[in-house]
file final.pdb (PDB, C-alpha atoms and all ligand atoms)
MODEL        1
ATOM      1  CA  MET A   1      22.596  37.236 -29.921
ATOM      2  CA  LYS A   2      20.042  35.459 -27.696
ATOM      3  CA  LYS A   3      18.887  31.959 -28.529
ATOM      4  CA  THR A   4      15.512  30.459 -27.737
ATOM      5  CA  LYS A   5      15.236  27.022 -26.100
ATOM      6  CA  ALA A   6      14.756  25.541 -29.524
ATOM      7  CA  GLY A   7      18.009  27.190 -30.564
ATOM      8  CA  SER A   8      16.574  29.658 -33.111
ATOM      9  CA  LYS A   9      18.259  33.049 -33.149
ATOM     10  CA  LEU A  10      16.253  36.066 -31.961
ATOM     11  CA  LYS A  11      16.969  39.334 -33.716
ATOM     12  CA  PRO A  12      17.725  42.027 -31.089
ATOM     13  CA  ARG A  13      15.084  44.809 -31.075
ATOM     14  CA  ALA A  14      16.309  47.855 -32.943
ATOM     15  CA  SER A  15      16.978  50.473 -30.286
ATOM     16  CA  LYS A  16      15.624  53.926 -30.978
ATOM     17  CA  VAL A  17      18.105  56.671 -30.234
ATOM     18  CA  LEU A  18      16.131  59.420 -28.525
ATOM     19  CA  GLU A  19      18.526  61.572 -26.594
ATOM     20  CA  ILE A  20      20.948  62.773 -29.217
ATOM     21  CA  ARG A  21      21.673  66.488 -29.463
ATOM     22  CA  VAL A  22      18.882  68.275 -27.625
ATOM     23  CA  PRO A  23      16.872  71.252 -28.901
ATOM     24  CA  ARG A  24      18.145  74.618 -27.692
ATOM     25  CA  LEU A  25      16.051  76.308 -25.015
ATOM     26  CA  ARG A  26      16.106  79.844 -23.652
ATOM     27  CA  VAL A  27      14.332  80.410 -20.370
ATOM     28  CA  ASP A  28      12.189  83.548 -20.305
ATOM     29  CA  ALA A  29      13.372  85.461 -17.245
ATOM     30  CA  SER A  30       9.974  86.990 -16.462
ATOM     31  CA  THR A  31       7.833  83.841 -16.795
ATOM     32  CA  GLY A  32      10.377  81.036 -16.248
ATOM     33  CA  VAL A  33       8.957  79.271 -19.330
ATOM     34  CA  PRO A  34      11.551  77.609 -21.594
ATOM     35  CA  GLU A  35      11.351  78.853 -25.164
ATOM     36  CA  VAL A  36      12.471  76.478 -27.915
ATOM     37  CA  GLU A  37      14.856  78.536 -30.068
ATOM     38  CA  SER A  38      16.000  75.866 -32.479
ATOM     39  CA  CYS A  39      15.133  72.230 -32.880
ATOM     40  CA  ALA A  40      17.616  69.371 -33.038
ATOM     41  CA  THR A  41      18.027  68.163 -36.595
ATOM     42  CA  ARG A  42      19.359  64.703 -35.821
ATOM     43  CA  ILE A  43      16.199  62.640 -35.879
ATOM     44  CA  PRO A  44      15.596  59.537 -33.775
ATOM     45  CA  GLU A  45      16.029  56.393 -35.837
ATOM     46  CA  GLY A  46      12.844  55.341 -37.571
ATOM     47  CA  TYR A  47      11.225  58.789 -37.546
ATOM     48  CA  GLU A  48      13.270  60.455 -40.306
ATOM     49  CA  ASP A  49      10.389  60.340 -42.809
ATOM     50  CA  ILE A  50       7.933  61.962 -40.391
ATOM     51  CA  VAL A  51       9.746  64.860 -38.716
ATOM     52  CA  SER A  52      12.471  67.268 -39.782
ATOM     53  CA  GLY A  53      13.526  68.317 -36.281
ATOM     54  CA  VAL A  54      13.065  67.484 -32.606
ATOM     55  CA  VAL A  55      11.386  70.178 -30.521
ATOM     56  CA  ALA A  56      11.448  68.385 -27.160
ATOM     57  CA  THR A  57      13.052  65.059 -26.277
ATOM     58  CA  PRO A  58      11.397  62.574 -23.910
ATOM     59  CA  ALA A  59      13.815  63.616 -21.151
ATOM     60  CA  GLN A  60      13.082  67.319 -21.653
ATOM     61  CA  ILE A  61       9.348  66.653 -21.582
ATOM     62  CA  ARG A  62       9.716  64.568 -18.420
ATOM     63  CA  ARG A  63      11.776  67.220 -16.629
ATOM     64  CA  ARG A  64       9.452  70.038 -17.607
ATOM     65  CA  ILE A  65       6.354  68.137 -16.491
ATOM     66  CA  HIS A  66       8.029  67.439 -13.172
ATOM     67  CA  ASP A  67       8.596  71.206 -12.727
ATOM     68  CA  LEU A  68       5.023  72.014 -13.778
ATOM     69  CA  GLY A  69       3.744  69.477 -11.274
ATOM     70  CA  ARG A  70       5.700  71.102  -8.473
ATOM     71  CA  ALA A  71       4.382  74.565  -9.387
ATOM     72  CA  LEU A  72       0.800  73.302  -9.590
ATOM     73  CA  GLN A  73       0.997  71.425  -6.300
ATOM     74  CA  ARG A  74       2.448  74.482  -4.596
ATOM     75  CA  ASP A  75      -0.350  76.706  -5.931
ATOM     76  CA  PHE A  76      -3.159  74.212  -5.332
ATOM     77  CA  GLY A  77      -2.241  73.460  -1.738
ATOM     78  CA  LYS A  78      -4.726  71.094  -0.117
ATOM     79  CA  ASN A  79      -7.696  72.210  -2.218
ATOM     80  CA  GLU A  80      -9.422  69.666  -4.441
ATOM     81  CA  TRP A  81      -9.332  70.422  -8.162
ATOM     82  CA  VAL A  82     -11.141  68.918 -11.113
ATOM     83  CA  VAL A  83      -8.530  68.344 -13.797
ATOM     84  CA  VAL A  84     -10.312  68.654 -17.144
ATOM     85  CA  ALA A  85      -8.214  67.348 -20.014
ATOM     86  CA  LEU A  86      -9.181  68.181 -23.592
ATOM     87  CA  LEU A  87      -9.419  65.136 -25.844
ATOM     88  CA  ASN A  88      -7.619  63.830 -27.758
ATOM     89  CA  GLY A  89      -4.336  65.698 -27.791
ATOM     90  CA  SER A  90      -3.780  66.088 -24.055
ATOM     91  CA  VAL A  91      -4.032  62.408 -23.111
ATOM     92  CA  LEU A  92      -0.300  61.686 -22.844
ATOM     93  CA  PHE A  93       0.421  65.003 -21.151
ATOM     94  CA  VAL A  94      -2.333  64.753 -18.541
ATOM     95  CA  ALA A  95      -1.403  61.147 -17.744
ATOM     96  CA  ASP A  96       2.158  62.190 -16.935
ATOM     97  CA  LEU A  97       1.187  65.487 -15.301
ATOM     98  CA  ILE A  98      -1.255  64.105 -12.727
ATOM     99  CA  ARG A  99       1.334  61.538 -11.646
ATOM    100  CA  GLU A 100       3.436  64.505 -10.515
ATOM    101  CA  LEU A 101       0.572  65.788  -8.328
ATOM    102  CA  GLU A 102      -0.324  64.725  -4.826
ATOM    103  CA  GLY A 103      -3.914  65.899  -5.221
ATOM    104  CA  PRO A 104      -6.576  65.791  -4.049
ATOM    105  CA  LEU A 105      -7.981  65.820  -7.581
ATOM    106  CA  ILE A 106     -10.684  64.433  -9.842
ATOM    107  CA  LEU A 107      -9.898  63.660 -13.483
ATOM    108  CA  ASP A 108     -12.426  64.359 -16.220
ATOM    109  CA  PHE A 109     -12.358  64.918 -19.973
ATOM    110  CA  ILE A 110     -14.034  67.138 -22.545
ATOM    111  CA  GLY A 111     -13.928  66.062 -26.180
ATOM    112  CA  VAL A 112     -13.353  69.076 -28.376
ATOM    113  CA  SER A 113     -11.945  69.291 -31.850
ATOM    114  CA  SER A 114     -11.134  72.223 -34.065
ATOM    115  CA  TYR A 115      -8.734  71.233 -36.803
ATOM    116  CA  GLY A 116     -10.990  68.973 -38.830
ATOM    117  CA  GLY A 117      -8.080  66.771 -39.945
ATOM    118  CA  GLY A 118      -5.776  69.367 -41.547
ATOM    119  CA  THR A 119      -3.223  71.879 -40.278
ATOM    120  CA  GLU A 120      -5.585  74.853 -39.992
ATOM    121  CA  SER A 121      -8.180  75.570 -37.300
ATOM    122  CA  GLY A 122     -11.736  74.801 -38.280
ATOM    123  CA  LYS A 123     -15.102  74.833 -36.549
ATOM    124  CA  LEU A 124     -15.118  73.889 -32.867
ATOM    125  CA  VAL A 125     -17.064  70.682 -32.221
ATOM    126  CA  TYR A 126     -17.736  69.064 -28.817
ATOM    127  CA  THR A 127     -17.418  65.283 -29.052
ATOM    128  CA  LYS A 128     -17.717  64.453 -25.334
ATOM    129  CA  GLU A 129     -19.197  66.306 -22.392
ATOM    130  CA  LEU A 130     -17.990  66.277 -18.765
ATOM    131  CA  LYS A 131     -18.929  63.363 -16.513
ATOM    132  CA  PHE A 132     -18.658  65.299 -13.221
ATOM    133  CA  GLU A 133     -20.393  68.447 -11.991
ATOM    134  CA  VAL A 134     -17.994  71.389 -11.873
ATOM    135  CA  THR A 135     -20.430  73.787 -10.220
ATOM    136  CA  GLY A 136     -18.690  75.484  -7.302
ATOM    137  CA  ARG A 137     -15.438  73.593  -7.966
ATOM    138  CA  ARG A 138     -11.911  74.656  -8.830
ATOM    139  CA  VAL A 139     -10.992  73.459 -12.324
ATOM    140  CA  LEU A 140      -7.638  73.025 -14.042
ATOM    141  CA  VAL A 141      -7.952  72.742 -17.833
ATOM    142  CA  VAL A 142      -5.111  70.734 -19.376
ATOM    143  CA  ASP A 143      -4.344  70.824 -23.086
ATOM    144  CA  ASP A 144      -1.442  69.877 -25.314
ATOM    145  CA  ILE A 145      -1.158  73.133 -27.259
ATOM    146  CA  LEU A 146      -2.381  76.713 -27.192
ATOM    147  CA  ASP A 147      -2.474  77.807 -30.818
ATOM    148  CA  THR A 148      -5.072  80.318 -32.051
ATOM    149  CA  GLY A 149      -6.527  80.274 -28.531
ATOM    150  CA  ARG A 150     -10.081  79.568 -29.708
ATOM    151  CA  THR A 151     -10.384  76.161 -28.049
ATOM    152  CA  LEU A 152      -9.158  77.236 -24.636
ATOM    153  CA  THR A 153     -11.240  80.411 -24.700
ATOM    154  CA  ALA A 154     -14.408  78.446 -25.551
ATOM    155  CA  VAL A 155     -13.743  75.769 -22.910
ATOM    156  CA  ILE A 156     -13.061  78.343 -20.173
ATOM    157  CA  ARG A 157     -16.330  80.079 -21.060
ATOM    158  CA  LYS A 158     -18.189  76.768 -20.975
ATOM    159  CA  LEU A 159     -16.773  75.837 -17.549
ATOM    160  CA  LYS A 160     -17.627  79.251 -16.134
ATOM    161  CA  ASP A 161     -21.139  78.943 -17.561
ATOM    162  CA  LEU A 162     -21.393  75.597 -15.772
ATOM    163  CA  GLY A 163     -20.621  77.442 -12.535
ATOM    164  CA  ALA A 164     -16.971  76.540 -11.917
ATOM    165  CA  ARG A 165     -15.667  78.547  -8.968
ATOM    166  CA  GLU A 166     -12.220  79.050 -10.510
ATOM    167  CA  VAL A 167     -10.692  77.998 -13.829
ATOM    168  CA  ARG A 168      -6.954  77.735 -14.394
ATOM    169  CA  THR A 169      -5.193  76.469 -17.479
ATOM    170  CA  CYS A 170      -2.092  74.398 -18.168
ATOM    171  CA  VAL A 171      -0.734  73.681 -21.660
ATOM    172  CA  LEU A 172       2.355  71.761 -22.664
ATOM    173  CA  LEU A 173       3.073  73.982 -25.685
ATOM    174  CA  ASP A 174       2.298  77.612 -26.391
ATOM    175  CA  LYS A 175       2.567  79.000 -29.932
ATOM    176  CA  PRO A 176       1.971  82.750 -29.392
ATOM    177  CA  ALA A 177       2.699  83.644 -33.038
ATOM    178  CA  ARG A 178      -0.551  81.902 -34.074
ATOM    179  CA  ARG A 179      -2.891  83.598 -31.610
ATOM    180  CA  GLN A 180      -6.203  84.903 -33.008
ATOM    181  CA  VAL A 181      -7.922  85.605 -29.704
ATOM    182  CA  LYS A 182      -6.409  87.127 -26.581
ATOM    183  CA  GLN A 183      -5.771  84.059 -24.454
ATOM    184  CA  VAL A 184      -2.896  83.023 -22.205
ATOM    185  CA  ALA A 185      -2.368  79.887 -20.129
ATOM    186  CA  ASP A 186      -1.547  80.023 -16.417
ATOM    187  CA  TYR A 187       1.028  77.233 -16.717
ATOM    188  CA  VAL A 188       3.060  76.611 -19.885
ATOM    189  CA  GLY A 189       5.496  73.777 -20.607
ATOM    190  CA  PHE A 190       7.379  75.226 -23.575
ATOM    191  CA  THR A 191       6.912  78.207 -25.862
ATOM    192  CA  ILE A 192       7.560  77.300 -29.504
ATOM    193  CA  PRO A 193       7.759  79.201 -32.814
ATOM    194  CA  ASP A 194       5.143  78.729 -35.535
ATOM    195  CA  TRP A 195       6.096  75.135 -36.384
ATOM    196  CA  PHE A 196       3.547  72.396 -37.065
ATOM    197  CA  VAL A 197       4.449  69.848 -34.435
ATOM    198  CA  VAL A 198       3.458  66.232 -33.841
ATOM    199  CA  GLY A 199       4.121  63.623 -31.192
ATOM    200  CA  TYR A 200       3.478  63.191 -27.486
ATOM    201  CA  GLY A 201      -0.284  63.500 -28.122
ATOM    202  CA  LEU A 202      -0.144  65.993 -30.987
ATOM    203  CA  ASP A 203      -1.379  64.720 -34.334
ATOM    204  CA  TYR A 204      -1.497  65.435 -37.984
ATOM    205  CA  ALA A 205      -4.701  63.961 -39.489
ATOM    206  CA  GLU A 206      -5.006  61.821 -36.290
ATOM    207  CA  ARG A 207      -1.559  60.268 -36.843
ATOM    208  CA  TYR A 208       1.741  60.440 -34.937
ATOM    209  CA  ARG A 209       0.258  61.029 -31.456
ATOM    210  CA  HIS A 210       2.269  58.054 -30.193
ATOM    211  CA  LEU A 211       5.714  59.532 -30.908
ATOM    212  CA  PRO A 212       7.583  59.705 -27.564
ATOM    213  CA  PHE A 213       9.058  63.119 -28.465
ATOM    214  CA  ILE A 214       7.715  66.299 -30.084
ATOM    215  CA  GLY A 215       8.935  66.994 -33.612
ATOM    216  CA  VAL A 216       8.336  69.297 -36.555
ATOM    217  CA  LEU A 217       6.194  67.590 -39.204
ATOM    218  CA  ARG A 218       7.851  67.230 -42.605
ATOM    219  CA  PRO A 219       5.819  69.123 -45.256
ATOM    220  CA  GLU A 220       6.129  66.069 -47.538
ATOM    221  CA  VAL A 221       3.963  64.125 -45.062
ATOM    222  CA  VAL A 222       1.071  66.534 -45.715
ATOM    223  CA  ALA A 223       1.286  65.847 -49.449
ATOM    224  CA  GLU A 224       1.697  62.103 -48.890
ATOM    225  CA  THR A 225      -1.320  62.043 -46.540
ATOM    226  CA  ALA A 226      -3.393  63.773 -49.205
ATOM    227  CA  ARG A 227      -2.299  61.065 -51.679
ATOM    228  CA  GLY A 228      -2.900  58.356 -49.066
ATOM    229  CA  THR A 229       0.730  57.187 -49.089
ATOM    230  CA  ALA A 230       1.961  58.473 -45.683
ATOM    231  CA  ARG A 231       2.979  55.730 -43.263
TER     232      ARG A 231
HETATM  233  C1  LIG A 301      -5.836  70.903 -31.004
HETATM  234  C2  LIG A 301      -5.159  70.938 -29.652
HETATM  235  C3  LIG A 301      -5.905  72.009 -28.910
HETATM  236  C4  LIG A 301      -6.370  72.931 -29.994
HETATM  237  C5  LIG A 301      -5.545  74.168 -30.004
HETATM  238  O1  LIG A 301      -6.936  70.069 -30.890
HETATM  239  O2  LIG A 301      -5.242  69.688 -29.008
HETATM  240  O3  LIG A 301      -7.010  71.496 -28.203
HETATM  241  O4  LIG A 301      -6.227  72.234 -31.235
HETATM  242  O5  LIG A 301      -5.880  74.958 -31.089
HETATM  243  P1  LIG A 301      -6.469  76.412 -30.960
HETATM  244  O6  LIG A 301      -5.678  77.138 -29.901
HETATM  245  O7  LIG A 301      -6.216  76.976 -32.330
HETATM  246  O8  LIG A 301      -7.909  76.315 -30.651
HETATM  247  P2  LIG A 301      -7.693  69.471 -32.145
HETATM  248  O9  LIG A 301      -8.895  70.276 -32.417
HETATM  249  O10 LIG A 301      -6.736  69.264 -33.263
HETATM  250  O11 LIG A 301      -8.181  68.084 -31.584
HETATM  251  P3  LIG A 301      -7.296  66.938 -30.947
HETATM  252  O12 LIG A 301      -6.985  67.346 -29.542
HETATM  253  O13 LIG A 301      -8.174  65.754 -31.023
HETATM  254  O14 LIG A 301      -6.042  66.806 -31.769
ENDMDL
END

call {"tool": "encode", "arguments": {"input": "final.pdb", "output": "structure tokens"}}
result
Amino acid sequence: MKKTKAGSKLKPRASKVLEIRVPRLRVDASTGVPEVESCATRIPEGYEDIVSGVVATPAQIRRRIHDLGRALQRDFGKNEWVVVALLNGSVLFVADLIRELEGPLILDFIGVSSYGGGTESGKLVYTKELKFEVTGRRVLVVDDILDTGRTLTAVIRKLKDLGAREVRTCVLLDKPARRQVKQVADYVGFTIPDWFVVGYGLDYAERYRHLPFIGVLRPEVVAETARGTAR
């Protein structure tokens, strides 16, 4: 145990175990997208009350984003793209994704929200508009999850209405079982079953975005949040 100059003992920081028993993935032969078949049930220390399973570990997320970056860079070539990230969920993803790209690129954000604090999709509300002109430009929309598809569909329409020359889409997670409108993403990190997931940008009632991994939210948390007792 370390001692300070004054001789008082410092308690070592509790280390969080994050890489134990990884979720099982199956790579789709036609698309190359890894599909999460089962989540790991050993939960990183300190997160047991929040999630019941781990969908993607920090290392899996890192590796997949590296691969996505290579695919994007290959397809983009030397053209300049406006990367439009959808607030708030995509912040962690876009920050890591653009560091895998050589560019040239411009980063901008659209604030759009659909869940209204619960687990079901609600009305789509724009909370922030673009800062840059996209007229005549190539745009890559980046989002954390493609769920019902309503958000991505609306944003693509908006960007086309603004005169974008080309719009492509990249999402970290795709949940095809929840789709309500016909919408696909051009680049997908992982396909997942119909689990309510949090972490790495994804929230429940604005919480848990900071988790360094993606996990399945415990149903008890929903009840505790309603009672105001969730941590
Ligand atoms: C979530 C998520 C996507 C959208 C996907 O955003 O970040 O943008 O929902 O859902 P959909 O495919 O059913 O439209 P949310 O509205 O919760 O806002 P947030 O990004 O601030 O979490």

call {"tool": "closest_atom_pairs", "arguments": {"input": "final.pdb", "of": "chain A", "to": "ligand LIG 301 (chain A)", "cutoff": "10 Å", "atoms": "only C-alpha atoms and all ligand atoms", "output": "Markdown table"}}
result
| residue | atom | partner | partner_atom | distance |
| --- | --- | --- | --- | --- |
| A:Ala85 | CA | A:LIG301 | O3 | 9.3 |
| A:Leu86 | CA | A:LIG301 | O3 | 6.1 |
| A:Leu87 | CA | A:LIG301 | O12 | 4.9 |
| A:Asn88 | CA | A:LIG301 | O13 | 3.8 |
| A:Gly89 | CA | A:LIG301 | O12 | 3.6 |
| A:Ser90 | CA | A:LIG301 | O2 | 6.3 |
| A:Val91 | CA | A:LIG301 | O12 | 8.6 |
| A:Ile110 | CA | A:LIG301 | O12 | 9.9 |
| A:Gly111 | CA | A:LIG301 | O13 | 7.5 |
| A:Val112 | CA | A:LIG301 | O9 | 6.1 |
| A:Ser113 | CA | A:LIG301 | O9 | 3.3 |
| A:Ser114 | CA | A:LIG301 | O9 | 3.4 |
| A:Tyr115 | CA | A:LIG301 | O9 | 4.5 |
| A:Gly116 | CA | A:LIG301 | O9 | 6.9 |
| A:Gly117 | CA | A:LIG301 | O10 | 7.3 |
| A:Gly118 | CA | A:LIG301 | O10 | 8.3 |
| A:Thr119 | CA | A:LIG301 | O10 | 8.3 |
| A:Glu120 | CA | A:LIG301 | O7 | 8.0 |
| A:Ser121 | CA | A:LIG301 | O7 | 5.5 |
| A:Gly122 | CA | A:LIG301 | O9 | 7.9 |
| A:Lys123 | CA | A:LIG301 | O9 | 8.7 |
| A:Leu124 | CA | A:LIG301 | O9 | 7.2 |
| A:Val125 | CA | A:LIG301 | O9 | 8.2 |
| A:Tyr126 | CA | A:LIG301 | O9 | 9.6 |
| A:Thr127 | CA | A:LIG301 | O13 | 9.5 |
| A:Val142 | CA | A:LIG301 | O3 | 9.1 |
| A:Asp143 | CA | A:LIG301 | O3 | 5.8 |
| A:Asp144 | CA | A:LIG301 | O2 | 5.3 |
| A:Ile145 | CA | A:LIG301 | C3 | 5.2 |
| A:Leu146 | CA | A:LIG301 | O6 | 4.3 |
| A:Asp147 | CA | A:LIG301 | O6 | 3.4 |
| A:Thr148 | CA | A:LIG301 | O7 | 3.5 |
| A:Gly149 | CA | A:LIG301 | O6 | 3.5 |
| A:Arg150 | CA | A:LIG301 | O8 | 4.0 |
| A:Thr151 | CA | A:LIG301 | O8 | 3.6 |
| A:Leu152 | CA | A:LIG301 | O8 | 6.2 |
| A:Thr153 | CA | A:LIG301 | O8 | 8.0 |
| A:Ala154 | CA | A:LIG301 | O8 | 8.5 |
| A:Val155 | CA | A:LIG301 | O3 | 9.6 |
| A:Val171 | CA | A:LIG301 | C3 | 9.1 |
| A:Leu173 | CA | A:LIG301 | C2 | 9.6 |
| A:Asp174 | CA | A:LIG301 | O6 | 8.7 |
| A:Lys175 | CA | A:LIG301 | O6 | 8.5 |
| A:Pro176 | CA | A:LIG301 | O6 | 9.5 |
| A:Arg178 | CA | A:LIG301 | O7 | 7.7 |
| A:Arg179 | CA | A:LIG301 | O6 | 7.2 |
| A:Gln180 | CA | A:LIG301 | O7 | 8.0 |
| A:Val181 | CA | A:LIG301 | O6 | 8.8 |
| A:Gln183 | CA | A:LIG301 | O6 | 8.8 |
| A:Val198 | CA | A:LIG301 | O14 | 9.7 |
| A:Gly201 | CA | A:LIG301 | O14 | 7.6 |
| A:Leu202 | CA | A:LIG301 | O14 | 6.0 |
| A:Asp203 | CA | A:LIG301 | O14 | 5.7 |
| A:Tyr204 | CA | A:LIG301 | O14 | 7.8 |
| A:Ala205 | CA | A:LIG301 | O14 | 8.3 |
| A:Glu206 | CA | A:LIG301 | O14 | 6.8 |
| A:Arg207 | CA | A:LIG301 | O14 | 9.4 |
| A:Arg209 | CA | A:LIG301 | O14 | 8.6 |

call {"tool": "write_last_selection", "arguments": {"input": "final.pdb", "atoms": "C-alpha atoms", "output": "PDB file, keeping the file's coordinate frame"}}
result
ATOM      1  CA  ALA A  85      -8.214  67.348 -20.014  1.00  0.00           C
ATOM      2  CA  LEU A  86      -9.181  68.181 -23.592  1.00  0.00           C
ATOM      3  CA  LEU A  87      -9.419  65.136 -25.844  1.00  0.00           C
ATOM      4  CA  ASN A  88      -7.619  63.830 -27.758  1.00  0.00           C
ATOM      5  CA  GLY A  89      -4.336  65.698 -27.791  1.00  0.00           C
ATOM      6  CA  SER A  90      -3.780  66.088 -24.055  1.00  0.00           C
ATOM      7  CA  VAL A  91      -4.032  62.408 -23.111  1.00  0.00           C
ATOM      8  CA  ILE A 110     -14.034  67.138 -22.545  1.00  0.00           C
ATOM      9  CA  GLY A 111     -13.928  66.062 -26.180  1.00  0.00           C
ATOM     10  CA  VAL A 112     -13.353  69.076 -28.376  1.00  0.00           C
ATOM     11  CA  SER A 113     -11.945  69.291 -31.850  1.00  0.00           C
ATOM     12  CA  SER A 114     -11.134  72.223 -34.065  1.00  0.00           C
ATOM     13  CA  TYR A 115      -8.734  71.233 -36.803  1.00  0.00           C
ATOM     14  CA  GLY A 116     -10.990  68.973 -38.830  1.00  0.00           C
ATOM     15  CA  GLY A 117      -8.080  66.771 -39.945  1.00  0.00           C
ATOM     16  CA  GLY A 118      -5.776  69.367 -41.547  1.00  0.00           C
ATOM     17  CA  THR A 119      -3.223  71.879 -40.278  1.00  0.00           C
ATOM     18  CA  GLU A 120      -5.585  74.853 -39.992  1.00  0.00           C
ATOM     19  CA  SER A 121      -8.180  75.570 -37.300  1.00  0.00           C
ATOM     20  CA  GLY A 122     -11.736  74.801 -38.280  1.00  0.00           C
ATOM     21  CA  LYS A 123     -15.102  74.833 -36.549  1.00  0.00           C
ATOM     22  CA  LEU A 124     -15.118  73.889 -32.867  1.00  0.00           C
ATOM     23  CA  VAL A 125     -17.064  70.682 -32.221  1.00  0.00           C
ATOM     24  CA  TYR A 126     -17.736  69.064 -28.817  1.00  0.00           C
ATOM     25  CA  THR A 127     -17.418  65.283 -29.052  1.00  0.00           C
ATOM     26  CA  VAL A 142      -5.111  70.734 -19.376  1.00  0.00           C
ATOM     27  CA  ASP A 143      -4.344  70.824 -23.086  1.00  0.00           C
ATOM     28  CA  ASP A 144      -1.442  69.877 -25.314  1.00  0.00           C
ATOM     29  CA  ILE A 145      -1.158  73.133 -27.259  1.00  0.00           C
ATOM     30  CA  LEU A 146      -2.381  76.713 -27.192  1.00  0.00           C
ATOM     31  CA  ASP A 147      -2.474  77.807 -30.818  1.00  0.00           C
ATOM     32  CA  THR A 148      -5.072  80.318 -32.051  1.00  0.00           C
ATOM     33  CA  GLY A 149      -6.527  80.274 -28.531  1.00  0.00           C
ATOM     34  CA  ARG A 150     -10.081  79.568 -29.708  1.00  0.00           C
ATOM     35  CA  THR A 151     -10.384  76.161 -28.049  1.00  0.00           C
ATOM     36  CA  LEU A 152      -9.158  77.236 -24.636  1.00  0.00           C
ATOM     37  CA  THR A 153     -11.240  80.411 -24.700  1.00  0.00           C
ATOM     38  CA  ALA A 154     -14.408  78.446 -25.551  1.00  0.00           C
ATOM     39  CA  VAL A 155     -13.743  75.769 -22.910  1.00  0.00           C
ATOM     40  CA  VAL A 171      -0.734  73.681 -21.660  1.00  0.00           C
ATOM     41  CA  LEU A 173       3.073  73.982 -25.685  1.00  0.00           C
ATOM     42  CA  ASP A 174       2.298  77.612 -26.391  1.00  0.00           C
ATOM     43  CA  LYS A 175       2.567  79.000 -29.932  1.00  0.00           C
ATOM     44  CA  PRO A 176       1.971  82.750 -29.392  1.00  0.00           C
ATOM     45  CA  ARG A 178      -0.551  81.902 -34.074  1.00  0.00           C
ATOM     46  CA  ARG A 179      -2.891  83.598 -31.610  1.00  0.00           C
ATOM     47  CA  GLN A 180      -6.203  84.903 -33.008  1.00  0.00           C
ATOM     48  CA  VAL A 181      -7.922  85.605 -29.704  1.00  0.00           C
ATOM     49  CA  GLN A 183      -5.771  84.059 -24.454  1.00  0.00           C
ATOM     50  CA  VAL A 198       3.458  66.232 -33.841  1.00  0.00           C
ATOM     51  CA  GLY A 201      -0.284  63.500 -28.122  1.00  0.00           C
ATOM     52  CA  LEU A 202      -0.144  65.993 -30.987  1.00  0.00           C
ATOM     53  CA  ASP A 203      -1.379  64.720 -34.334  1.00  0.00           C
ATOM     54  CA  TYR A 204      -1.497  65.435 -37.984  1.00  0.00           C
ATOM     55  CA  ALA A 205      -4.701  63.961 -39.489  1.00  0.00           C
ATOM     56  CA  GLU A 206      -5.006  61.821 -36.290  1.00  0.00           C
ATOM     57  CA  ARG A 207      -1.559  60.268 -36.843  1.00  0.00           C
ATOM     58  CA  ARG A 209       0.258  61.029 -31.456  1.00  0.00           C
TER      59      ARG A 209
END

call {"tool": "closest_residue", "arguments": {"input": "final.pdb", "among": "A:Leu217, A:Leu101, A:Val167, A:Cys39", "to": "Arg137 in chain A", "atoms": "only C-alpha atoms"}}
result
A:Val167

call {"tool": "atom_distance", "arguments": {"input": "final.pdb", "atom1": "CA of Gly215 in chain A", "atom2": "CA of Arg99 in chain A"}}
result
23.9 Å

call {"tool": "resolve_selection", "arguments": {"input": "final.pdb", "expression": "the PyMOL selection byres (((chain A and resi 47) around 12) and not hetatm)", "output": "MDAnalysis selection string"}}
result
chainID A and resid 16:18 41:46 48:54 198:199 208 210:218 221 231

call {"tool": "write_last_selection", "arguments": {"input": "final.pdb", "atoms": "C-alpha atoms", "output": "PDB file, keeping the file's coordinate frame"}}
result
ATOM      1  CA  LYS A  16      15.624  53.926 -30.978  1.00  0.00           C
ATOM      2  CA  VAL A  17      18.105  56.671 -30.234  1.00  0.00           C
ATOM      3  CA  LEU A  18      16.131  59.420 -28.525  1.00  0.00           C
ATOM      4  CA  THR A  41      18.027  68.163 -36.595  1.00  0.00           C
ATOM      5  CA  ARG A  42      19.359  64.703 -35.821  1.00  0.00           C
ATOM      6  CA  ILE A  43      16.199  62.640 -35.879  1.00  0.00           C
ATOM      7  CA  PRO A  44      15.596  59.537 -33.775  1.00  0.00           C
ATOM      8  CA  GLU A  45      16.029  56.393 -35.837  1.00  0.00           C
ATOM      9  CA  GLY A  46      12.844  55.341 -37.571  1.00  0.00           C
ATOM     10  CA  GLU A  48      13.270  60.455 -40.306  1.00  0.00           C
ATOM     11  CA  ASP A  49      10.389  60.340 -42.809  1.00  0.00           C
ATOM     12  CA  ILE A  50       7.933  61.962 -40.391  1.00  0.00           C
ATOM     13  CA  VAL A  51       9.746  64.860 -38.716  1.00  0.00           C
ATOM     14  CA  SER A  52      12.471  67.268 -39.782  1.00  0.00           C
ATOM     15  CA  GLY A  53      13.526  68.317 -36.281  1.00  0.00           C
ATOM     16  CA  VAL A  54      13.065  67.484 -32.606  1.00  0.00           C
ATOM     17  CA  VAL A 198       3.458  66.232 -33.841  1.00  0.00           C
ATOM     18  CA  GLY A 199       4.121  63.623 -31.192  1.00  0.00           C
ATOM     19  CA  TYR A 208       1.741  60.440 -34.937  1.00  0.00           C
ATOM     20  CA  HIS A 210       2.269  58.054 -30.193  1.00  0.00           C
ATOM     21  CA  LEU A 211       5.714  59.532 -30.908  1.00  0.00           C
ATOM     22  CA  PRO A 212       7.583  59.705 -27.564  1.00  0.00           C
ATOM     23  CA  PHE A 213       9.058  63.119 -28.465  1.00  0.00           C
ATOM     24  CA  ILE A 214       7.715  66.299 -30.084  1.00  0.00           C
ATOM     25  CA  GLY A 215       8.935  66.994 -33.612  1.00  0.00           C
ATOM     26  CA  VAL A 216       8.336  69.297 -36.555  1.00  0.00           C
ATOM     27  CA  LEU A 217       6.194  67.590 -39.204  1.00  0.00           C
ATOM     28  CA  ARG A 218       7.851  67.230 -42.605  1.00  0.00           C
ATOM     29  CA  VAL A 221       3.963  64.125 -45.062  1.00  0.00           C
ATOM     30  CA  ARG A 231       2.979  55.730 -43.263  1.00  0.00           C
TER      31      ARG A 231
END
